[in-house]
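Chemist: File follows, structure.txt with compact mmCIF, C-alpha atoms:
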# COMPACT_ATOMS: atom_id res chain seq x y z
CA MET A 1 -12.98 3.52 -22.93
CA SER A 2 -10.52 6.05 -24.37
CA LEU A 3 -7.20 5.32 -26.07
CA GLY A 4 -3.72 6.81 -25.96
CA ILE A 5 -1.37 6.73 -28.96
CA TYR A 6 2.43 6.60 -28.69
CA ILE A 7 4.64 7.39 -31.70
CA SER A 8 8.32 6.44 -31.51
CA VAL A 9 10.62 8.81 -33.41
CA PRO A 10 14.15 7.40 -32.99
CA PHE A 11 16.12 10.29 -34.53
CA CYS A 12 18.72 12.37 -32.70
CA ARG A 13 21.26 15.08 -33.59
CA SER A 14 23.76 13.19 -31.44
CA LYS A 15 23.59 10.22 -29.12
CA CYS A 16 23.69 11.25 -25.44
CA SER A 17 26.17 9.20 -23.42
CA TYR A 18 23.55 8.13 -20.84
CA CYS A 19 20.92 7.12 -23.44
CA ASN A 20 19.76 3.49 -23.44
CA PHE A 21 16.87 3.95 -25.90
CA ALA A 22 16.57 2.61 -29.45
CA SER A 23 17.58 5.84 -31.15
CA GLY A 24 20.39 7.22 -33.27
CA VAL A 25 21.57 9.72 -35.88
CA PHE A 26 19.94 9.28 -39.31
CA SER A 27 19.65 11.25 -42.54
CA ALA A 28 16.61 13.29 -43.63
CA ALA A 29 15.93 10.65 -46.30
CA GLN A 30 15.65 8.00 -43.60
CA MET A 31 13.19 10.20 -41.73
CA GLY A 32 10.92 10.35 -44.77
CA ARG A 33 11.17 6.59 -45.23
CA TYR A 34 10.35 6.06 -41.58
CA VAL A 35 7.31 8.35 -41.57
CA ASP A 36 5.95 6.58 -44.65
CA ARG A 37 6.20 3.29 -42.78
CA LEU A 38 4.55 4.80 -39.69
CA CYS A 39 1.65 6.07 -41.78
CA ALA A 40 1.22 2.66 -43.43
CA ASP A 41 1.18 0.96 -40.02
CA ILE A 42 -1.36 3.43 -38.66
CA VAL A 43 -3.73 2.84 -41.58
CA SER A 44 -3.43 -0.97 -41.31
CA CYS A 45 -3.39 -1.32 -37.52
CA ARG A 46 -6.94 -2.53 -36.90
CA PRO A 47 -6.74 -5.84 -38.83
CA LEU A 48 -3.39 -6.63 -37.18
CA VAL A 49 -4.72 -5.84 -33.71
CA ALA A 50 -7.75 -8.07 -34.31
CA GLN A 51 -5.44 -10.87 -35.52
CA LEU A 52 -3.52 -10.62 -32.24
CA GLY A 53 -6.68 -11.00 -30.17
CA CYS A 54 -7.21 -7.48 -28.91
CA ARG A 55 -9.45 -4.48 -29.51
CA VAL A 56 -8.84 -0.80 -30.31
CA PRO A 57 -11.09 1.37 -28.13
CA GLY A 58 -11.74 5.08 -28.70
CA PRO A 59 -11.82 8.00 -28.85
CA VAL A 60 -8.14 9.04 -28.64
CA ASP A 61 -7.60 11.47 -25.76
CA SER A 62 -3.79 11.52 -25.68
CA ILE A 63 -1.00 11.34 -28.25
CA TYR A 64 2.67 11.24 -27.28
CA LEU A 65 5.60 11.58 -29.70
CA GLY A 66 8.72 10.30 -27.97
CA GLY A 67 12.20 9.41 -29.05
CA GLY A 68 14.80 10.22 -29.90
CA THR A 69 14.02 13.79 -30.81
CA PRO A 70 10.67 14.09 -32.61
CA SER A 71 11.22 17.83 -33.09
CA LEU A 72 13.86 16.92 -35.71
CA LEU A 73 11.17 15.69 -38.11
CA PRO A 74 10.80 17.98 -41.12
CA GLU A 75 7.59 20.01 -41.00
CA ALA A 76 6.10 18.22 -44.01
CA GLU A 77 6.74 14.79 -42.45
CA LEU A 78 5.18 15.83 -39.15
CA LYS A 79 2.06 17.05 -40.92
CA LYS A 80 1.90 13.85 -42.98
CA LEU A 81 2.06 11.80 -39.78
CA PHE A 82 -0.74 13.73 -38.10
CA SER A 83 -2.87 13.50 -41.22
CA ALA A 84 -2.61 9.69 -40.99
CA ILE A 85 -3.51 9.73 -37.29
CA THR A 86 -6.54 11.99 -37.66
CA GLY A 87 -7.68 10.03 -40.72
CA GLU A 88 -7.70 6.74 -38.81
CA PHE A 89 -8.68 7.75 -35.28
CA ASN A 90 -11.35 9.91 -33.67
CA LEU A 91 -9.61 12.54 -31.51
CA ALA A 92 -11.37 13.81 -28.40
CA PRO A 93 -11.88 17.61 -28.46
CA GLN A 94 -9.53 18.22 -25.51
CA ALA A 95 -6.94 15.58 -26.37
CA GLU A 96 -3.51 16.08 -24.83
CA ILE A 97 -0.91 15.98 -27.62
CA THR A 98 2.70 15.91 -26.40
CA MET A 99 5.96 16.04 -28.30
CA GLU A 100 9.42 15.52 -26.82
CA CYS A 101 11.88 18.15 -27.99
CA ALA A 102 15.58 18.72 -27.57
CA PRO A 103 16.30 22.34 -26.67
CA ALA A 104 17.73 24.35 -29.58
CA THR A 105 15.76 22.38 -32.20
CA LEU A 106 12.61 24.54 -32.13
CA THR A 107 12.95 26.77 -35.17
CA GLU A 108 10.12 29.07 -36.23
CA PRO A 109 9.01 26.71 -39.04
CA ALA A 110 9.03 23.84 -36.52
CA LEU A 111 6.90 25.85 -34.09
CA ASP A 112 4.46 26.71 -36.88
CA ALA A 113 4.16 22.99 -37.68
CA LEU A 114 3.55 22.10 -34.03
CA VAL A 115 0.65 24.51 -33.81
CA ALA A 116 -0.76 23.38 -37.17
CA CYS A 117 -0.75 19.75 -35.98
CA GLY A 118 -2.52 20.60 -32.72
CA ILE A 119 0.41 19.80 -30.42
CA ASN A 120 -0.42 21.43 -27.10
CA ARG A 121 2.20 20.02 -24.71
CA ILE A 122 5.99 20.00 -25.01
CA SER A 123 8.52 17.97 -23.03
CA LEU A 124 12.01 19.48 -23.12
CA GLY A 125 14.96 17.15 -22.55
CA VAL A 126 17.00 19.61 -20.50
CA GLN A 127 18.62 17.14 -18.04
CA SER A 128 20.67 19.96 -16.48
CA PHE A 129 20.59 23.78 -16.55
CA VAL A 130 24.35 23.78 -15.88
CA ASN A 131 26.16 24.06 -19.20
CA LEU A 132 29.17 21.97 -18.14
CA GLU A 133 26.92 19.11 -16.99
CA ALA A 134 24.77 19.20 -20.13
CA ALA A 135 27.85 19.17 -22.37
CA SER A 136 29.43 16.30 -20.42
CA VAL A 137 26.60 13.96 -21.53
CA ALA A 138 26.62 15.27 -25.14
CA ARG A 139 23.61 17.55 -24.86
CA LEU A 140 23.88 20.31 -27.48
CA HIS A 141 22.16 23.15 -25.66
CA THR A 142 22.85 25.78 -23.04
CA LYS A 143 20.76 27.12 -20.20
CA GLU A 144 20.19 30.30 -22.18
CA LYS A 145 18.81 28.37 -25.15
CA VAL A 146 16.44 26.37 -22.93
CA LEU A 147 14.99 29.53 -21.40
CA SER A 148 14.66 31.06 -24.86
CA ASP A 149 12.79 27.99 -26.13
CA ILE A 150 10.36 28.14 -23.19
CA GLU A 151 9.62 31.76 -23.97
CA HIS A 152 9.11 31.05 -27.68
CA LEU A 153 6.74 28.17 -26.91
CA ARG A 154 4.61 30.49 -24.81
CA GLN A 155 4.57 33.04 -27.61
CA TYR A 156 3.13 30.34 -29.86
CA GLY A 157 0.42 29.55 -27.31
CA ILE A 158 1.98 26.42 -25.78
CA SER A 159 2.31 26.86 -22.03
CA ASN A 160 1.90 23.21 -20.96
CA ILE A 161 5.63 22.50 -20.78
CA ASN A 162 7.59 19.76 -19.03
CA VAL A 163 11.30 19.92 -18.21
CA ASP A 164 13.29 16.68 -17.77
CA LEU A 165 16.12 16.69 -15.21
CA ILE A 166 18.55 13.89 -14.38
CA ALA A 167 20.01 13.47 -10.91
CA GLY A 168 23.50 12.00 -11.04
CA VAL A 169 25.02 13.33 -14.28
CA PRO A 170 28.79 13.94 -14.36
CA HIS A 171 30.13 16.96 -12.44
CA GLN A 172 26.84 17.43 -10.53
CA THR A 173 27.12 18.76 -6.98
CA ARG A 174 24.59 19.74 -4.34
CA GLU A 175 24.98 23.36 -5.38
CA SER A 176 24.61 22.72 -9.10
CA TRP A 177 21.58 20.45 -8.55
CA ASP A 178 19.93 23.18 -6.49
CA PHE A 179 20.66 25.58 -9.35
CA SER A 180 18.94 23.33 -11.92
CA LEU A 181 15.90 22.96 -9.67
CA ASP A 182 15.79 26.73 -9.09
CA GLN A 183 15.96 27.36 -12.84
CA ALA A 184 13.07 24.97 -13.53
CA VAL A 185 10.96 26.66 -10.87
CA SER A 186 11.80 30.21 -11.92
CA ALA A 187 11.07 29.35 -15.58
CA GLY A 188 7.48 28.80 -14.46
CA VAL A 189 7.00 25.44 -16.18
CA PRO A 190 4.04 23.51 -14.75
CA HIS A 191 5.62 20.04 -14.96
CA VAL A 192 9.03 18.63 -14.06
CA SER A 193 10.26 15.05 -14.48
CA VAL A 194 13.20 13.93 -12.33
CA TYR A 195 15.09 10.75 -13.14
CA MET A 196 18.05 9.21 -11.36
CA LEU A 197 20.89 8.29 -13.72
CA GLU A 198 20.51 4.69 -14.89
CA VAL A 199 23.68 2.63 -14.85
CA ASP A 200 23.45 -0.34 -17.22
CA ASP A 201 25.32 -1.73 -20.20
CA ASP A 202 22.83 -0.31 -22.70
CA SER A 203 24.49 3.13 -22.69
CA ARG A 204 28.07 4.27 -23.25
CA LEU A 205 28.24 6.03 -19.89
CA GLY A 206 26.70 3.06 -18.11
CA ARG A 207 29.20 0.63 -19.61
CA GLU A 208 32.06 2.92 -18.68
CA LEU A 209 30.84 3.21 -15.08
CA ILE A 210 30.48 -0.56 -14.79
CA ALA A 211 34.01 -0.98 -16.16
CA GLY A 212 35.40 1.61 -13.75
CA GLY A 213 36.76 3.74 -16.59
CA ASN A 214 37.15 7.48 -17.14
CA ARG A 215 35.62 8.04 -20.59
CA TYR A 216 32.44 10.09 -20.97
CA HIS A 217 33.29 11.89 -17.69
CA ALA A 218 32.42 8.70 -15.80
CA HIS A 219 34.86 9.52 -12.98
CA PHE A 220 32.84 12.69 -12.27
CA VAL A 221 29.53 10.87 -11.72
CA PRO A 222 28.16 11.32 -8.16
CA ASP A 223 27.89 8.16 -6.08
CA ASP A 224 24.57 6.42 -5.47
CA ASP A 225 24.02 7.96 -2.04
CA LEU A 226 24.53 11.49 -3.33
CA THR A 227 22.25 10.85 -6.32
CA ALA A 228 19.54 9.58 -3.98
CA GLU A 229 20.01 12.73 -1.91
CA PHE A 230 19.52 14.83 -5.06
CA TYR A 231 16.23 13.05 -5.71
CA GLU A 232 14.98 13.70 -2.18
CA THR A 233 16.02 17.34 -2.50
CA ALA A 234 13.97 17.62 -5.69
CA CYS A 235 10.88 16.21 -3.96
CA THR A 236 11.19 18.79 -1.18
CA GLN A 237 12.23 21.80 -3.25
CA LEU A 238 9.63 21.34 -5.99
CA ALA A 239 6.82 20.79 -3.49
CA ARG A 240 7.85 23.95 -1.65
CA ASN A 241 7.22 25.81 -4.89
CA GLY A 242 3.83 24.28 -5.69
CA ILE A 243 5.08 21.53 -8.03
CA ASP A 244 3.90 18.41 -6.23
CA GLN A 245 5.01 14.86 -6.83
CA TYR A 246 2.24 12.65 -8.23
CA GLU A 247 4.36 9.74 -9.51
CA ILE A 248 7.85 8.47 -8.67
CA SER A 249 9.54 10.57 -11.37
CA ASN A 250 6.89 13.20 -12.11
CA PHE A 251 5.93 16.49 -10.48
CA SER A 252 3.34 19.05 -11.55
CA ARG A 253 1.26 22.01 -10.62
CA PRO A 254 -2.45 21.13 -10.10
CA GLY A 255 -4.14 20.18 -13.35
CA PHE A 256 -0.93 19.70 -15.34
CA GLU A 257 -0.29 16.00 -14.71
CA SER A 258 0.67 14.12 -17.88
CA GLN A 259 -2.55 12.48 -18.99
CA HIS A 260 -0.74 10.16 -21.38
CA ASN A 261 1.72 8.87 -18.79
CA LEU A 262 -1.11 8.36 -16.32
CA LYS A 263 -2.52 5.83 -18.76
CA TYR A 264 0.58 3.69 -18.21
CA TRP A 265 0.34 3.74 -14.43
CA ASN A 266 -3.45 3.24 -14.40
CA ARG A 267 -3.32 0.45 -16.99
CA GLN A 268 -5.50 2.23 -19.51
CA PRO A 269 -5.27 1.28 -23.21
CA TYR A 270 -2.59 2.73 -25.47
CA LEU A 271 -1.38 1.84 -28.96
CA GLY A 272 2.23 2.34 -30.05
CA PHE A 273 3.73 2.79 -33.51
CA GLY A 274 7.37 2.77 -34.61
CA VAL A 275 10.69 1.27 -33.54
CA ASP A 276 10.58 -0.23 -30.03
CA ALA A 277 7.01 1.01 -29.49
CA HIS A 278 4.74 -0.72 -26.98
CA SER A 279 0.99 -1.10 -26.64
CA MET A 280 -1.52 -2.41 -24.13
CA LEU A 281 -5.00 -3.17 -25.43
CA PRO A 282 -8.07 -4.94 -24.03
CA ALA A 283 -8.41 -8.59 -24.97
CA SER A 284 -11.01 -9.82 -27.42
CA ALA A 285 -14.07 -11.68 -26.18
CA GLU A 286 -12.47 -14.97 -27.25
CA LEU A 287 -9.37 -14.36 -25.12
CA THR A 288 -11.39 -12.99 -22.21
CA ALA A 289 -13.19 -16.33 -22.05
CA ARG A 290 -9.77 -17.88 -21.33
CA GLU A 291 -9.11 -15.39 -18.48
CA ILE A 292 -6.82 -13.23 -20.64
CA GLU A 293 -7.35 -9.66 -19.44
CA SER A 294 -5.37 -7.71 -22.05
CA VAL A 295 -2.60 -8.03 -24.62
CA ARG A 296 0.73 -6.19 -24.63
CA LEU A 297 2.41 -5.60 -27.99
CA ALA A 298 5.99 -4.60 -28.81
CA THR A 299 7.69 -3.82 -32.11
CA THR A 300 11.31 -4.58 -32.96
CA ASP A 301 13.97 -2.30 -31.48
CA SER A 302 16.09 -2.58 -34.66
CA PHE A 303 15.72 0.31 -37.10
CA GLU A 304 16.53 -1.82 -40.16
CA ASP A 305 14.38 -4.76 -39.07
CA PHE A 306 11.49 -2.34 -38.74
CA PHE A 307 11.56 -2.06 -42.55
CA ASN A 308 12.98 -5.40 -43.66
CA ASP A 309 11.09 -7.95 -41.62
CA ALA A 310 9.29 -6.10 -38.88
CA GLN A 311 7.51 -8.21 -36.32
CA VAL A 312 5.14 -7.52 -33.47
CA LYS A 313 5.57 -9.45 -30.26
CA ALA A 314 2.28 -10.17 -28.49
CA ASP A 315 2.11 -11.09 -24.79
CA GLU A 316 -1.23 -12.21 -23.39
CA VAL A 317 -1.79 -10.81 -19.90
CA THR A 318 -3.66 -13.21 -17.63
CA LEU A 319 -5.79 -12.04 -14.73
CA ASP A 320 -2.95 -12.97 -12.35
CA ALA A 321 -0.46 -10.93 -14.37
CA ALA A 322 -2.90 -8.01 -14.66
CA LEU A 323 -3.17 -7.90 -10.87
CA GLU A 324 0.63 -7.88 -10.56
CA GLU A 325 0.77 -4.96 -12.96
CA SER A 326 -1.93 -3.14 -11.02
CA PHE A 327 0.31 -3.28 -7.98
CA PHE A 328 3.69 -2.29 -9.40
CA LEU A 329 2.31 0.30 -11.81
CA GLY A 330 -0.35 1.80 -9.54
CA LEU A 331 2.06 2.09 -6.62
CA ARG A 332 4.24 4.43 -8.69
CA LEU A 333 1.52 7.03 -8.15
CA ASN A 334 1.63 9.02 -4.93
CA GLY A 335 -2.10 8.43 -4.55
CA GLY A 336 -1.44 4.70 -4.42
CA ILE A 337 -3.99 1.99 -5.10
CA ARG A 338 -7.31 1.06 -3.52
CA LEU A 339 -7.19 -2.47 -2.16
CA ASN A 340 -10.98 -2.85 -2.02
CA GLU A 341 -11.25 -2.14 -5.75
CA LEU A 342 -8.54 -4.68 -6.56
CA SER A 343 -10.14 -7.26 -4.30
CA GLU A 344 -13.50 -6.76 -5.98
CA GLU A 345 -12.02 -6.91 -9.49
CA PHE A 346 -9.64 -9.85 -9.04
CA GLY A 347 -11.24 -11.93 -6.27
CA HIS A 348 -9.23 -15.00 -5.30
CA GLN A 349 -6.13 -13.76 -7.17
CA PHE A 350 -5.97 -10.79 -4.79
CA ARG A 351 -5.96 -12.93 -1.65
CA LYS A 352 -2.52 -14.30 -2.59
CA TYR A 353 -1.06 -10.85 -1.87
CA VAL A 354 -2.39 -10.27 1.64
CA GLN A 355 0.67 -11.69 3.41
CA VAL A 356 3.16 -10.02 1.03
CA ILE A 357 1.51 -6.63 1.56
CA ALA A 358 1.57 -7.05 5.34
CA GLN A 359 5.30 -7.84 5.26
CA LEU A 360 6.16 -4.82 3.08
CA VAL A 361 4.13 -2.56 5.37
CA SER A 362 5.98 -4.02 8.36
CA ASP A 363 9.31 -3.38 6.61
CA GLY A 364 8.42 0.29 6.11
CA MET A 365 8.29 0.04 2.30
CA LEU A 366 4.53 0.53 2.04
CA SER A 367 1.95 2.36 4.14
CA GLN A 368 -1.73 1.48 4.41
CA THR A 369 -4.46 3.93 5.41
CA GLY A 370 -7.86 2.33 5.25
CA ASP A 371 -7.89 0.53 1.91
CA ILE A 372 -5.32 2.86 0.28
CA LEU A 373 -1.86 1.35 -0.18
CA GLN A 374 1.06 3.67 -0.98
CA LEU A 375 4.83 3.63 -1.22
CA THR A 376 6.54 5.29 1.73
CA PRO A 377 9.29 7.88 1.02
CA ARG A 378 11.82 5.11 1.68
CA GLY A 379 9.90 2.80 -0.62
CA ARG A 380 10.11 5.31 -3.47
CA LEU A 381 13.90 5.41 -3.22
CA ILE A 382 14.12 1.63 -3.54
CA SER A 383 10.92 1.08 -5.49
CA ASN A 384 12.41 -1.68 -7.66
CA GLU A 385 12.98 -3.77 -4.53
CA VAL A 386 9.38 -3.21 -3.44
CA PHE A 387 8.04 -4.19 -6.85
CA SER A 388 10.24 -7.29 -6.89
CA GLY A 389 8.67 -8.28 -3.59
CA LEU A 390 5.24 -8.09 -5.20
CA LEU A 391 6.15 -10.19 -8.25
CA ILE A 392 5.11 -13.50 -6.78
CA LEU A 393 3.33 -14.87 -9.84
CA PRO A 394 4.52 -15.77 -13.35
CA THR A 395 3.94 -12.98 -15.87
CA PHE A 396 3.10 -13.04 -19.60
CA PRO A 397 3.02 -16.83 -20.16
CA ALA A 398 1.85 -16.75 -23.79
CA THR A 399 3.93 -15.13 -26.51
CA THR A 400 3.41 -15.04 -30.26
CA PHE A 401 5.24 -13.30 -33.07
CA VAL A 402 3.27 -12.02 -36.02
CA PRO A 403 4.98 -10.57 -39.11
CA VAL A 404 3.64 -7.18 -40.20
Can you give me the file's structure in the form of structure tokens?
Modeler:
Amino acid sequence: MSLGIYISVPFCRSKCSYCNFASGVFSAAQMGRYVDRLCADIVSCRPLVAQLGCRVPGPVDSIYLGGGTPSLLPEAELKKLFSAITGEFNLAPQAEITMECAPATLTEPALDALVACGINRISLGVQSFVNLEAASVARLHTKEKVLSDIEHLRQYGISNINVDLIAGVPHQTRESWDFSLDQAVSAGVPHVSVYMLEVDDDSRLGRELIAGGNRYHAHFVPDDDLTAEFYETACTQLARNGIDQYEISNFSRPGFESQHNLKYWNRQPYLGFGVDAHSMLPASAELTAREIESVRLATTDSFEDFFNDAQVKADEVTLDAALEESFFLGLRLNGGIRLNELSEEFGHQFRKYVQVIAQLVSDGMLSQTGDILQLTPRGRLISNEVFSGLLILPTFPATTFVPV
């Protein structure tokens, strides 16, 4: 059983107005302090994991540096981090190693460091190729800089590139959304992620939209119906150009699917380090005897608490909860889930879902062909409602907190 590693790097040049992640603007000194803590956690992870009742499988076949903007790390700190990872874990020869980057942060020294560390996949947080739209959400790049970065990455031998786009940013129109999609296609990137703008009180723009205000260009945000239309347009337009949807938010050319993200949807093990990092690991033999299938871990989302009194939250995942997850994670994939496999693996727990599945199929949210269950196009647009319909059992009943 292979393992994925996630590294949270919560540093940004500026905080985007739509961002609801645990990230912010910090000094270079704080970056060094943070990397030192990451390295210490990596070296000491196995005893902690054992204490929490789970196992660390191997080898590592995917590493993902997310944020924040990991490309802001000084070259020496990035190399120090990868030295700790390779010293503690056995990397598979063809491991996928991804780093999220903000356009206009990829200097030549940074690119040299990427190659030296073995990073072979880059995810660019473009959000929009229209300069007005990018600026309206505090992105610090232009279309021209994005295209230049893509070309430089290829010159350094990195052609596995993802571009993030957001449907529903301020000032976006049908014409400008088509332009962003056209730019992604013409840039020749093999992977595109499309997200619909999230409106919640964890971001400045979200709070302003909820309050009905005008700050952060909130009064120029497209309505929900138009944003949903943008998403459907992306599905059609990208597929027409050979970039097929394989998950609700992800599209790729054949062979360029994100192997790390597929671990999340297929419930394969991954181990996270850093602020607000999450893990899912197989349960120990002792917990398995109590019908605990796996354990999910989460670190604090407070930057200062990460150093002062960091804690890891551990949630034991019962067989019932694991089956729930298999439904609402697996259904994110266009390929869907195989009901026969779930029935064989979970037995009597699976039978509780037969009536719920039949109702969602009848409502046009799900489709069933043989034993394959998939979201319909309508179901993808309102996937949260579908998943809520499948959450018929209590999840994560046991929680413990263990100081690091």
Chemist: Which residues are close to region 289-294 of chain A, i.e. within 6 Å by all atoms listed in the file, leaving aside same-chain residues fewer than 4 positions away? Reply as a list in words.
Modeler: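 Once the nearby chain positions are removed, what remains is Leu281, Pro282, Ala283, Val317, Thr318 and Leu319 of chain A.
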Chemist: Counting all atoms listed in the file, which of A:Ala102, A:Ile7, A:Val35, A:Met280 gets nearest to Val49 (chain A)?
Modeler: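 So, comparing all the options, the nearest one is A:Met280.
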Chemist: What is the CA of Pro57 (chain A)-CA of Lys263 (chain A) distance in Å, reported with one decimal?
Modeler: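 Between these atoms lies a distance of 13.5 Å.
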Chemist: If I take CA of Asp363 (chain A) and CA of Gly379 (chain A), how far is one from the other in Å, to one decimal?
Modeler: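 Computing it gives 9.5 Å between the two atoms.
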Chemist: Which residue out of A:Val137, A:Cys54, A:Leu323, A:Val130 has the minimum interatomic distance to Asn266 (chain A) when all atoms listed in the file are used?
Modeler: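 The shortest atom-to-atom distance to Asn266 (chain A) comes from A:Leu323.
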Chemist: Would you pick out the contacts of Gln374 (chain A) at 12 Å or less, using all atoms listed in the file, so that residues sharing its chain but fewer than 3 positions from it are not included, and give the list as an MDAnalysis selection string?
Modeler: chainID A and resid 246:248 327:339 357 360:361 364:371 377:380 383 386
Chemist: How far is it from CA of Tyr156 (chain A) to CA of Asp244 (chain A), in Å with one decimal?
Modeler: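 Separation between CA of Tyr156 (chain A) and CA of Asp244 (chain A): 26.5 Å.
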Chemist: Using all atoms listed in the file, can you list as number ranges by chain the residues within 10 Å of (12.1, 17.4, -36.7)?
Modeler: A: 9, 11-13, 28, 31, 69-78, 101-102, 105-107, 110, 113
Chemist: Once 3 Å is added on each side, what are the centre and the three edge lengths, in Å to one decimal, of the axis-aligned box enclosing the listed atoms of region 136-155 of chain A? Present them as AutoDock Vina command-line options.
Modeler:
--center_x 17.0 --center_y 23.5 --center_z -23.9 --size_x 30.9 --size_y 25.1 --size_z 13.5
Chemist: Would you please work out which residue, of A:Leu390, A:Cys39, A:Asp182, A:Glu325, is nearest to Val354 (chain A) when using all atoms listed in the file?
Modeler: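 Looking at the shortest contact to Val354 (chain A), the residue is A:Leu390.
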Chemist: Taking (-4.6, 1.0, -26.7) in the file's coordinates as the center, which residues reach within 8 Å of it, counting all atoms listed in the file, put as a PyMOL selection string?
Modeler: chain A and resi 3-5+55-57+268-272+279-282
Chemist: Which residue, A:Leu373, A:Leu181, A:Ala116, A:Ile158, has the smallest gap to Phe129 (chain A) when you use only C-alpha atoms?
Modeler: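 Among A:Leu373, A:Leu181, A:Ala116, A:Ile158, it is A:Leu181 that comes nearest to Phe129 (chain A).
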Chemist: Using all atoms listed in the file, which residue out of A:Ile85, A:Leu140, A:Ala285, A:Val115 lies closest to Pro103 (chain A)?
Modeler: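 Among A:Ile85, A:Leu140, A:Ala285, A:Val115, it is A:Leu140 that comes nearest to Pro103 (chain A).
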Chemist: Quick one: everything within 10 Å of Glu257 (chain A), counting all atoms listed in the file, minus sequence neighbours fewer than 6 positions away in the same chain. Send it as a PyMOL selection string.
Modeler: chain A and resi 160+162+190-192+244-247+250-251
